[in-house]
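Source file: start.cif (mmCIF, N, CA and C atoms)
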```
data_input
#
loop_
_atom_site.label_atom_id
_atom_site.label_comp_id
_atom_site.auth_asym_id
_atom_site.auth_seq_id
_atom_site.Cartn_x
_atom_site.Cartn_y
_atom_site.Cartn_z
N GLN A 28 0.83 -1.20 0.00
CA GLN A 28 0.00 0.00 0.00
C GLN A 28 0.86 1.24 0.00
N VAL A 29 0.26 2.34 -0.45
CA VAL A 29 0.95 3.63 -0.41
C VAL A 29 -0.03 4.68 0.08
N GLN A 30 0.45 5.60 0.88
CA GLN A 30 -0.35 6.71 1.36
C GLN A 30 0.12 7.97 0.64
N LEU A 31 -0.85 8.78 0.20
CA LEU A 31 -0.54 9.97 -0.60
C LEU A 31 -1.09 11.22 0.08
N VAL A 32 -0.28 12.27 0.12
CA VAL A 32 -0.70 13.55 0.69
C VAL A 32 -0.45 14.65 -0.34
N ASP A 33 -1.54 15.27 -0.79
CA ASP A 33 -1.47 16.35 -1.77
C ASP A 33 -1.29 17.69 -1.07
N SER A 34 -0.56 18.59 -1.73
CA SER A 34 -0.41 19.94 -1.19
C SER A 34 -0.06 20.92 -2.31
N GLY A 35 -0.14 22.22 -1.98
CA GLY A 35 0.31 23.23 -2.93
C GLY A 35 -0.79 24.02 -3.60
N GLY A 36 -2.03 23.67 -3.34
CA GLY A 36 -3.11 24.42 -3.96
C GLY A 36 -3.26 25.81 -3.37
N GLY A 37 -4.14 26.58 -3.96
CA GLY A 37 -4.38 27.92 -3.46
C GLY A 37 -5.23 28.74 -4.40
N LEU A 38 -5.37 30.01 -4.06
CA LEU A 38 -6.13 30.96 -4.87
C LEU A 38 -5.14 31.81 -5.66
N VAL A 39 -5.27 31.76 -6.97
CA VAL A 39 -4.38 32.52 -7.85
C VAL A 39 -5.20 33.25 -8.90
N GLN A 40 -4.52 34.13 -9.61
CA GLN A 40 -5.17 34.85 -10.70
C GLN A 40 -4.88 34.16 -12.03
N ALA A 41 -5.75 34.41 -12.98
CA ALA A 41 -5.53 33.87 -14.32
C ALA A 41 -4.16 34.29 -14.84
N GLY A 42 -3.45 33.34 -15.41
CA GLY A 42 -2.12 33.59 -15.91
C GLY A 42 -1.01 33.23 -14.95
N ASP A 43 -1.37 33.01 -13.70
CA ASP A 43 -0.37 32.65 -12.69
C ASP A 43 0.03 31.18 -12.83
N SER A 44 1.00 30.80 -12.00
CA SER A 44 1.48 29.43 -11.97
C SER A 44 1.34 28.86 -10.56
N LEU A 45 1.25 27.54 -10.48
CA LEU A 45 1.23 26.82 -9.21
C LEU A 45 1.97 25.51 -9.40
N ARG A 46 2.58 25.05 -8.33
CA ARG A 46 3.18 23.72 -8.35
C ARG A 46 2.56 22.91 -7.22
N LEU A 47 1.88 21.85 -7.60
CA LEU A 47 1.31 20.93 -6.63
C LEU A 47 2.30 19.81 -6.35
N SER A 48 2.25 19.32 -5.12
CA SER A 48 3.10 18.23 -4.72
C SER A 48 2.26 17.09 -4.16
N CYS A 49 2.78 15.89 -4.26
CA CYS A 49 2.13 14.72 -3.70
C CYS A 49 3.22 13.87 -3.07
N ALA A 50 3.18 13.76 -1.75
CA ALA A 50 4.19 13.00 -1.03
C ALA A 50 3.64 11.60 -0.73
N ALA A 51 4.44 10.62 -1.03
CA ALA A 51 4.03 9.23 -0.85
C ALA A 51 4.81 8.57 0.28
N SER A 52 4.16 7.62 0.93
CA SER A 52 4.83 6.81 1.94
C SER A 52 4.25 5.41 1.87
N GLY A 53 5.03 4.47 2.34
CA GLY A 53 4.58 3.08 2.29
C GLY A 53 5.44 2.27 1.33
N ASP A 54 4.80 1.67 0.36
CA ASP A 54 5.50 0.83 -0.62
C ASP A 54 6.55 1.62 -1.39
N PRO A 55 7.52 0.95 -2.00
CA PRO A 55 8.49 1.64 -2.84
C PRO A 55 7.83 2.49 -3.92
N PHE A 56 8.11 3.77 -3.88
CA PHE A 56 7.45 4.74 -4.75
C PHE A 56 7.68 4.42 -6.22
N SER A 57 8.85 3.94 -6.56
CA SER A 57 9.18 3.67 -7.96
C SER A 57 8.42 2.48 -8.53
N SER A 58 7.63 1.80 -7.70
CA SER A 58 6.80 0.70 -8.19
C SER A 58 5.50 1.19 -8.78
N TYR A 59 5.24 2.50 -8.70
CA TYR A 59 3.95 3.05 -9.06
C TYR A 59 4.01 3.99 -10.25
N THR A 60 3.03 3.84 -11.13
CA THR A 60 2.70 4.86 -12.10
C THR A 60 1.86 5.90 -11.37
N MET A 61 2.19 7.17 -11.56
CA MET A 61 1.49 8.23 -10.82
C MET A 61 0.67 9.10 -11.78
N GLY A 62 -0.50 9.46 -11.30
CA GLY A 62 -1.38 10.30 -12.12
C GLY A 62 -1.88 11.49 -11.34
N TRP A 63 -2.33 12.49 -12.07
CA TRP A 63 -3.02 13.64 -11.50
C TRP A 63 -4.40 13.74 -12.13
N PHE A 64 -5.39 13.97 -11.29
CA PHE A 64 -6.76 14.16 -11.73
C PHE A 64 -7.30 15.44 -11.08
N ARG A 65 -8.41 15.90 -11.59
CA ARG A 65 -9.05 17.06 -10.97
C ARG A 65 -10.56 16.90 -11.06
N GLN A 66 -11.24 17.56 -10.13
CA GLN A 66 -12.70 17.49 -10.11
C GLN A 66 -13.26 18.86 -9.76
N ALA A 67 -14.00 19.41 -10.69
CA ALA A 67 -14.68 20.68 -10.48
C ALA A 67 -16.07 20.41 -9.90
N PRO A 68 -16.65 21.38 -9.24
CA PRO A 68 -17.99 21.19 -8.65
C PRO A 68 -19.00 20.76 -9.69
N GLY A 69 -19.71 19.70 -9.38
CA GLY A 69 -20.75 19.22 -10.28
C GLY A 69 -20.26 18.45 -11.48
N LYS A 70 -18.96 18.19 -11.53
CA LYS A 70 -18.41 17.47 -12.68
C LYS A 70 -17.71 16.20 -12.22
N GLU A 71 -17.51 15.30 -13.19
CA GLU A 71 -16.80 14.07 -12.89
C GLU A 71 -15.30 14.33 -12.73
N ARG A 72 -14.67 13.40 -12.06
CA ARG A 72 -13.22 13.50 -11.92
C ARG A 72 -12.56 13.35 -13.30
N GLU A 73 -11.63 14.25 -13.58
CA GLU A 73 -11.04 14.34 -14.92
C GLU A 73 -9.54 14.07 -14.86
N PHE A 74 -9.06 13.31 -15.82
CA PHE A 74 -7.64 13.03 -15.94
C PHE A 74 -6.89 14.28 -16.38
N VAL A 75 -5.77 14.55 -15.71
CA VAL A 75 -4.90 15.66 -16.10
C VAL A 75 -3.67 15.14 -16.82
N GLY A 76 -3.02 14.17 -16.20
CA GLY A 76 -1.83 13.59 -16.81
C GLY A 76 -1.24 12.53 -15.90
N ASN A 77 -0.25 11.82 -16.42
CA ASN A 77 0.43 10.83 -15.60
C ASN A 77 1.90 10.73 -15.99
N ILE A 78 2.63 9.96 -15.18
CA ILE A 78 4.07 9.85 -15.38
C ILE A 78 4.50 8.41 -15.11
N LYS A 79 5.37 7.94 -15.95
CA LYS A 79 5.92 6.60 -15.84
C LYS A 79 6.70 6.44 -14.55
N TRP A 80 6.83 5.23 -14.07
CA TRP A 80 7.52 4.96 -12.82
C TRP A 80 8.94 5.54 -12.82
N SER A 81 9.59 5.52 -13.98
CA SER A 81 10.97 5.99 -14.09
C SER A 81 11.08 7.50 -14.25
N GLY A 82 9.96 8.14 -14.53
CA GLY A 82 9.98 9.58 -14.71
C GLY A 82 10.36 10.05 -16.10
N ASP A 83 10.61 9.14 -17.02
CA ASP A 83 11.10 9.54 -18.34
C ASP A 83 10.01 9.59 -19.40
N SER A 84 8.77 9.47 -18.97
CA SER A 84 7.67 9.58 -19.92
C SER A 84 6.46 10.15 -19.21
N THR A 85 5.79 11.07 -19.87
CA THR A 85 4.57 11.67 -19.34
C THR A 85 3.50 11.70 -20.42
N TYR A 86 2.26 11.82 -19.97
CA TYR A 86 1.12 11.88 -20.89
C TYR A 86 0.11 12.84 -20.31
N TYR A 87 -0.47 13.70 -21.16
CA TYR A 87 -1.39 14.74 -20.68
C TYR A 87 -2.68 14.75 -21.47
N THR A 88 -3.72 15.21 -20.81
CA THR A 88 -4.95 15.45 -21.53
C THR A 88 -4.76 16.71 -22.39
N ASP A 89 -5.51 16.80 -23.46
CA ASP A 89 -5.29 17.88 -24.42
C ASP A 89 -5.45 19.27 -23.81
N SER A 90 -6.37 19.41 -22.87
CA SER A 90 -6.68 20.74 -22.35
C SER A 90 -5.54 21.35 -21.53
N VAL A 91 -4.57 20.54 -21.12
CA VAL A 91 -3.47 21.07 -20.31
C VAL A 91 -2.12 20.95 -21.01
N LYS A 92 -2.09 20.34 -22.18
CA LYS A 92 -0.82 20.18 -22.89
C LYS A 92 -0.18 21.54 -23.14
N GLY A 93 1.10 21.63 -22.87
CA GLY A 93 1.82 22.88 -23.05
C GLY A 93 1.76 23.81 -21.85
N ARG A 94 0.85 23.54 -20.93
CA ARG A 94 0.71 24.37 -19.72
C ARG A 94 1.09 23.63 -18.45
N CYS A 95 1.05 22.33 -18.49
CA CYS A 95 1.32 21.52 -17.30
C CYS A 95 2.49 20.58 -17.53
N THR A 96 3.23 20.36 -16.47
CA THR A 96 4.35 19.42 -16.50
C THR A 96 4.33 18.58 -15.24
N ILE A 97 4.34 17.27 -15.43
CA ILE A 97 4.41 16.35 -14.30
C ILE A 97 5.85 15.84 -14.20
N SER A 98 6.35 15.80 -12.99
CA SER A 98 7.68 15.26 -12.73
C SER A 98 7.63 14.48 -11.43
N ARG A 99 8.66 13.69 -11.20
CA ARG A 99 8.71 12.92 -9.95
C ARG A 99 10.15 12.82 -9.48
N ASP A 100 10.29 12.70 -8.17
CA ASP A 100 11.58 12.48 -7.55
C ASP A 100 11.46 11.19 -6.75
N ASN A 101 11.91 10.12 -7.30
CA ASN A 101 11.75 8.82 -6.64
C ASN A 101 12.57 8.73 -5.36
N ALA A 102 13.64 9.49 -5.28
CA ALA A 102 14.45 9.48 -4.07
C ALA A 102 13.73 10.15 -2.91
N LYS A 103 12.83 11.09 -3.25
CA LYS A 103 12.08 11.81 -2.22
C LYS A 103 10.62 11.40 -2.17
N ASN A 104 10.27 10.36 -2.95
CA ASN A 104 8.90 9.83 -2.93
C ASN A 104 7.85 10.90 -3.19
N THR A 105 8.12 11.74 -4.16
CA THR A 105 7.22 12.87 -4.43
C THR A 105 6.99 13.02 -5.93
N VAL A 106 5.76 13.36 -6.27
CA VAL A 106 5.41 13.68 -7.64
C VAL A 106 4.87 15.11 -7.66
N PHE A 107 5.13 15.82 -8.75
CA PHE A 107 4.78 17.23 -8.85
C PHE A 107 3.91 17.47 -10.08
N LEU A 108 3.07 18.49 -9.96
CA LEU A 108 2.31 18.98 -11.11
C LEU A 108 2.55 20.48 -11.20
N GLN A 109 3.33 20.88 -12.17
CA GLN A 109 3.59 22.30 -12.41
C GLN A 109 2.55 22.80 -13.40
N MET A 110 1.80 23.82 -13.00
CA MET A 110 0.75 24.37 -13.85
C MET A 110 1.06 25.83 -14.14
N ASN A 111 1.12 26.17 -15.41
CA ASN A 111 1.40 27.53 -15.84
C ASN A 111 0.21 28.08 -16.62
N SER A 112 0.20 29.40 -16.78
CA SER A 112 -0.87 30.06 -17.54
C SER A 112 -2.24 29.56 -17.11
N LEU A 113 -2.46 29.57 -15.83
CA LEU A 113 -3.71 29.03 -15.30
C LEU A 113 -4.92 29.83 -15.78
N LYS A 114 -6.01 29.11 -15.97
CA LYS A 114 -7.26 29.69 -16.44
C LYS A 114 -8.36 29.43 -15.41
N PRO A 115 -9.41 30.24 -15.42
CA PRO A 115 -10.51 30.00 -14.47
C PRO A 115 -11.08 28.58 -14.60
N GLU A 116 -11.07 28.03 -15.79
CA GLU A 116 -11.60 26.68 -15.97
C GLU A 116 -10.69 25.60 -15.39
N ASP A 117 -9.53 25.96 -14.91
CA ASP A 117 -8.67 25.01 -14.20
C ASP A 117 -9.07 24.88 -12.73
N THR A 118 -10.02 25.69 -12.29
CA THR A 118 -10.48 25.62 -10.90
C THR A 118 -11.07 24.26 -10.60
N ALA A 119 -10.53 23.60 -9.58
CA ALA A 119 -10.96 22.25 -9.23
C ALA A 119 -10.20 21.80 -7.99
N VAL A 120 -10.62 20.69 -7.45
CA VAL A 120 -9.80 19.97 -6.47
C VAL A 120 -8.91 19.02 -7.26
N TYR A 121 -7.64 19.09 -6.98
CA TYR A 121 -6.65 18.27 -7.69
C TYR A 121 -6.20 17.11 -6.79
N TYR A 122 -6.17 15.93 -7.40
CA TYR A 122 -5.82 14.71 -6.68
C TYR A 122 -4.65 14.02 -7.36
N CYS A 123 -3.71 13.54 -6.58
CA CYS A 123 -2.75 12.62 -7.16
C CYS A 123 -3.25 11.20 -6.90
N ALA A 124 -2.81 10.29 -7.75
CA ALA A 124 -3.24 8.90 -7.68
C ALA A 124 -2.08 7.99 -8.04
N ALA A 125 -2.11 6.81 -7.47
CA ALA A 125 -1.03 5.85 -7.69
C ALA A 125 -1.60 4.54 -8.22
N LYS A 126 -0.94 4.04 -9.25
CA LYS A 126 -1.30 2.74 -9.80
C LYS A 126 -0.09 1.83 -9.70
N LEU A 127 -0.26 0.73 -9.02
CA LEU A 127 0.85 -0.20 -8.84
C LEU A 127 1.23 -0.83 -10.17
N GLY A 128 2.48 -0.68 -10.53
CA GLY A 128 2.96 -1.30 -11.75
C GLY A 128 3.85 -0.39 -12.56
N ARG A 129 4.84 -0.97 -13.18
CA ARG A 129 5.79 -0.23 -14.03
C ARG A 129 5.40 -0.44 -15.49
N TYR A 130 4.45 0.35 -15.92
CA TYR A 130 3.88 0.21 -17.25
C TYR A 130 4.64 1.07 -18.26
N ALA A 131 4.79 0.51 -19.45
CA ALA A 131 5.46 1.26 -20.52
C ALA A 131 4.49 2.21 -21.22
N ASP A 132 3.27 1.76 -21.47
CA ASP A 132 2.29 2.56 -22.19
C ASP A 132 1.38 3.27 -21.21
N ILE A 133 1.83 4.37 -20.63
CA ILE A 133 1.05 5.04 -19.59
C ILE A 133 -0.18 5.76 -20.15
N ALA A 134 -0.23 6.02 -21.44
CA ALA A 134 -1.38 6.68 -22.03
C ALA A 134 -2.66 5.86 -21.85
N TYR A 135 -2.52 4.57 -21.68
CA TYR A 135 -3.67 3.69 -21.48
C TYR A 135 -4.33 3.95 -20.13
N TYR A 136 -3.59 4.47 -19.18
CA TYR A 136 -4.07 4.61 -17.80
C TYR A 136 -4.52 6.04 -17.52
N SER A 137 -5.65 6.40 -18.10
CA SER A 137 -6.19 7.75 -17.97
C SER A 137 -7.57 7.77 -17.32
N ARG A 138 -7.98 6.66 -16.75
CA ARG A 138 -9.29 6.58 -16.09
C ARG A 138 -9.11 6.45 -14.59
N ALA A 139 -9.96 7.12 -13.85
CA ALA A 139 -9.82 7.14 -12.39
C ALA A 139 -9.91 5.73 -11.80
N TYR A 140 -10.78 4.89 -12.36
CA TYR A 140 -10.98 3.56 -11.78
C TYR A 140 -9.73 2.68 -11.91
N GLN A 141 -8.81 3.08 -12.76
CA GLN A 141 -7.61 2.28 -12.97
C GLN A 141 -6.56 2.49 -11.88
N TYR A 142 -6.76 3.49 -11.02
CA TYR A 142 -5.77 3.81 -9.99
C TYR A 142 -6.16 3.22 -8.66
N ASP A 143 -5.14 2.84 -7.89
CA ASP A 143 -5.36 2.07 -6.68
C ASP A 143 -5.45 2.94 -5.43
N TYR A 144 -4.70 4.03 -5.39
CA TYR A 144 -4.63 4.86 -4.18
C TYR A 144 -4.74 6.32 -4.57
N TRP A 145 -5.31 7.10 -3.63
CA TRP A 145 -5.59 8.51 -3.90
C TRP A 145 -5.15 9.40 -2.75
N GLY A 146 -4.70 10.60 -3.12
CA GLY A 146 -4.49 11.63 -2.12
C GLY A 146 -5.81 12.25 -1.70
N GLN A 147 -5.74 13.14 -0.73
CA GLN A 147 -6.96 13.75 -0.19
C GLN A 147 -7.45 14.92 -1.02
N GLY A 148 -6.59 15.37 -1.94
CA GLY A 148 -6.96 16.49 -2.81
C GLY A 148 -6.49 17.83 -2.26
N THR A 149 -6.25 18.75 -3.19
CA THR A 149 -5.88 20.11 -2.83
C THR A 149 -6.62 21.07 -3.76
N GLN A 150 -7.21 22.11 -3.19
CA GLN A 150 -8.07 23.02 -3.96
C GLN A 150 -7.22 24.02 -4.73
N VAL A 151 -7.53 24.15 -6.00
CA VAL A 151 -6.95 25.19 -6.84
C VAL A 151 -8.08 26.07 -7.34
N THR A 152 -7.99 27.35 -7.06
CA THR A 152 -9.00 28.30 -7.51
C THR A 152 -8.31 29.39 -8.32
N VAL A 153 -8.78 29.58 -9.54
CA VAL A 153 -8.20 30.57 -10.43
C VAL A 153 -9.24 31.65 -10.70
N SER A 154 -8.93 32.86 -10.29
CA SER A 154 -9.85 33.98 -10.50
C SER A 154 -9.53 34.70 -11.80
N SER A 155 -10.56 35.23 -12.40
CA SER A 155 -10.38 35.92 -13.70
C SER A 155 -10.04 37.39 -13.52
#
```

Once you've parsed the file, please lay out its structure as structure tokens.
Amino acid sequence: QVQLVDSGGGLVQAGDSLRLSCAASGDPFSSYTMGWFRQAPGKEREFVGNIKWSGDSTYYTDSVKGRCTISRDNAKNTVFLQMNSLKPEDTAVYYCAAKLGRYADIAYYSRAYQYDYWGQGTQVTVSS
């Protein structure tokens, strides 16, 4: 098992940047494919992107491509979501998620039900 703690959210203005963090504990962190999801009020949880266990491959949903970067530090058991040029429509609770397994084709793992463990979420609010 792995326990995940999300942090770094806040209230920002459109065009600003934020870096979210997700600290993991428990099982070896490098055994997990890590993902980021978000959920706006009244909407389903939405895939943002994910990162291979080794950190050398990432995959993003179209709406955040070019604005978001996911990275991980396996030595520190942490995954990051750097968000730039934030828009009001990025307002949501952001969750990191862990899927056990060292998968090569991470693009396949873009559905919430495919992930085994979840952080508690961190609120990101972008004002216009």

Q: Starting from the displayed file, determine the output of the PyMOL selection byres ((chain A and resi 31) around 6) and express the residue list as a PyMOL selection string.
A: chain A and resi 29-30+32-33+49-52+145-147

Q.
I need the residues of region 60-148 of chain A that end up classed as helix (DSSP H, G or I) by DSSP on the backbone, written out as a ChimeraX atom specification.
A. /A:89-91,115-117,133-135,139-141

Restricting it to N, CA and C atoms, dump the selection as a tab-separated table (two decimals), in the frame of the given file.
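What follows is the written file result32.tsv:
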```
chain	number	residue	atom	x	y	z
A	89	ASP	N	-5.51	16.80	-23.46
A	89	ASP	CA	-5.29	17.88	-24.42
A	89	ASP	C	-5.45	19.27	-23.81
A	90	SER	N	-6.37	19.41	-22.87
A	90	SER	CA	-6.68	20.74	-22.35
A	90	SER	C	-5.54	21.35	-21.53
A	91	VAL	N	-4.57	20.54	-21.12
A	91	VAL	CA	-3.47	21.07	-20.31
A	91	VAL	C	-2.12	20.95	-21.01
A	115	PRO	N	-9.41	30.24	-15.42
A	115	PRO	CA	-10.51	30.00	-14.47
A	115	PRO	C	-11.08	28.58	-14.60
A	116	GLU	N	-11.07	28.03	-15.79
A	116	GLU	CA	-11.60	26.68	-15.97
A	116	GLU	C	-10.69	25.60	-15.39
A	117	ASP	N	-9.53	25.96	-14.91
A	117	ASP	CA	-8.67	25.01	-14.20
A	117	ASP	C	-9.07	24.88	-12.73
A	133	ILE	N	1.83	4.37	-20.63
A	133	ILE	CA	1.05	5.04	-19.59
A	133	ILE	C	-0.18	5.76	-20.15
A	134	ALA	N	-0.23	6.02	-21.44
A	134	ALA	CA	-1.38	6.68	-22.03
A	134	ALA	C	-2.66	5.86	-21.85
A	135	TYR	N	-2.52	4.57	-21.68
A	135	TYR	CA	-3.67	3.69	-21.48
A	135	TYR	C	-4.33	3.95	-20.13
A	139	ALA	N	-9.96	7.12	-13.85
A	139	ALA	CA	-9.82	7.14	-12.39
A	139	ALA	C	-9.91	5.73	-11.80
A	140	TYR	N	-10.78	4.89	-12.36
A	140	TYR	CA	-10.98	3.56	-11.78
A	140	TYR	C	-9.73	2.68	-11.91
A	141	GLN	N	-8.81	3.08	-12.76
A	141	GLN	CA	-7.61	2.28	-12.97
A	141	GLN	C	-6.56	2.49	-11.88
```

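This file, queried with the PyMOL selection byres ((chain A and resi 130) around 6.5), gives the residues Thr60, Lys79, Trp80, Gly128, Arg129, Ala131, Asp132 and Ile133 of chain A.
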
Q. So which one's closest to Lys114 (chain A), A:Ser58, A:Gln40, A:Thr88, A:Gln66? Using all atoms listed in the file, please.
A.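 Answer, going by the shortest atom-to-atom distance: A:Gln40.
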
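Among A:Phe74, A:Gly35, A:Ser137, A:Leu113, the residue with the shortest atom-to-atom distance to Ser154 (chain A), counting all atoms listed in the file, is A:Leu113.
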
Q) For the file shown, what are the residues hit by the PyMOL selection byres (((chain A and resi 75 and name CA) around 9) and name CA), laid out as a PyMOL selection string? A) chain A and resi 62-65+73-74+76-77+86-91+95+121+137

Could you write out that same residue set with N, CA and C atoms as a compact mmCIF listing (two decimals), keeping the file's coordinate frame?
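This is the output file part_1.txt:
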```txt
# COMPACT_ATOMS: atom_id res chain seq x y z
N GLY A 62 -0.50 9.46 -11.30
CA GLY A 62 -1.38 10.30 -12.12
C GLY A 62 -1.88 11.49 -11.34
N TRP A 63 -2.33 12.49 -12.07
CA TRP A 63 -3.02 13.64 -11.50
C TRP A 63 -4.40 13.74 -12.13
N PHE A 64 -5.39 13.97 -11.29
CA PHE A 64 -6.76 14.16 -11.73
C PHE A 64 -7.30 15.44 -11.08
N ARG A 65 -8.41 15.90 -11.59
CA ARG A 65 -9.05 17.06 -10.97
C ARG A 65 -10.56 16.90 -11.06
N GLU A 73 -11.63 14.25 -13.58
CA GLU A 73 -11.04 14.34 -14.92
C GLU A 73 -9.54 14.07 -14.86
N PHE A 74 -9.06 13.31 -15.82
CA PHE A 74 -7.64 13.03 -15.94
C PHE A 74 -6.89 14.28 -16.38
N GLY A 76 -3.02 14.17 -16.20
CA GLY A 76 -1.83 13.59 -16.81
C GLY A 76 -1.24 12.53 -15.90
N ASN A 77 -0.25 11.82 -16.42
CA ASN A 77 0.43 10.83 -15.60
C ASN A 77 1.90 10.73 -15.99
N TYR A 86 2.26 11.82 -19.97
CA TYR A 86 1.12 11.88 -20.89
C TYR A 86 0.11 12.84 -20.31
N TYR A 87 -0.47 13.70 -21.16
CA TYR A 87 -1.39 14.74 -20.68
C TYR A 87 -2.68 14.75 -21.47
N THR A 88 -3.72 15.21 -20.81
CA THR A 88 -4.95 15.45 -21.53
C THR A 88 -4.76 16.71 -22.39
N ASP A 89 -5.51 16.80 -23.46
CA ASP A 89 -5.29 17.88 -24.42
C ASP A 89 -5.45 19.27 -23.81
N SER A 90 -6.37 19.41 -22.87
CA SER A 90 -6.68 20.74 -22.35
C SER A 90 -5.54 21.35 -21.53
N VAL A 91 -4.57 20.54 -21.12
CA VAL A 91 -3.47 21.07 -20.31
C VAL A 91 -2.12 20.95 -21.01
N CYS A 95 1.05 22.33 -18.49
CA CYS A 95 1.32 21.52 -17.30
C CYS A 95 2.49 20.58 -17.53
N TYR A 121 -7.64 19.09 -6.98
CA TYR A 121 -6.65 18.27 -7.69
C TYR A 121 -6.20 17.11 -6.79
N SER A 137 -5.65 6.40 -18.10
CA SER A 137 -6.19 7.75 -17.97
C SER A 137 -7.57 7.77 -17.32
```

Q: DSSP on the backbone, then: every residue of chain A marked strand (DSSP E or B), written as an MDAnalysis selection string.
A: chainID A and resid 29:34 37:40 45:53 59:66 73:78 85:87 95:100 105:110 119:127 144:145 149:154

Q: Quote the spacing between atom N of Leu45 (chain A) and atom C of Leu108 (chain A) in Å to one decimal place.
A: 7.2 Å

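For the pair atom N of Leu38 (chain A) and CA of Phe107 (chain A), the separation is 17.0 Å.
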
Q: Report the distance between atom C of Tyr135 (chain A) and CA of Arg99 (chain A) in Å, rounded to one decimal place.
A: 18.8 Å

Q: Find, counting only N, CA and C atoms, the residue in A:Met110, A:Val151, A:Ala125, A:Met61 that gets nearest to Val39 (chain A).
A: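 Closest to Val39 (chain A), using only N, CA and C atoms: A:Val151.
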
Q: Have a look at A:Val106, A:Ala119, A:Leu127, A:Leu47 and name the one nearest to Thr152 (chain A); count only C-alpha atoms.
A: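 Using only C-alpha atoms, Thr152 (chain A) sits closest to A:Ala119.
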
Q | Option closest in space to Ala139 (chain A), from A:Ser155, A:Ser81, A:Tyr122, A:Pro55 [counting only C-alpha atoms] | A |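 Ranking A:Ser155, A:Ser81, A:Tyr122, A:Pro55 by distance to Ala139 (chain A), first place goes to A:Tyr122.
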
Build an axis-aligned box that encloses every atom of region 148-154 of chain A listed in the file, pad it by 3 Å on each side, and report its centre and edge lengths in Å to one decimal, as AutoDock Vina command-line options.
```
--center_x -7.9 --center_y 25.0 --center_z -6.9 --size_x 10.0 --size_y 25.3 --size_z 15.9
```
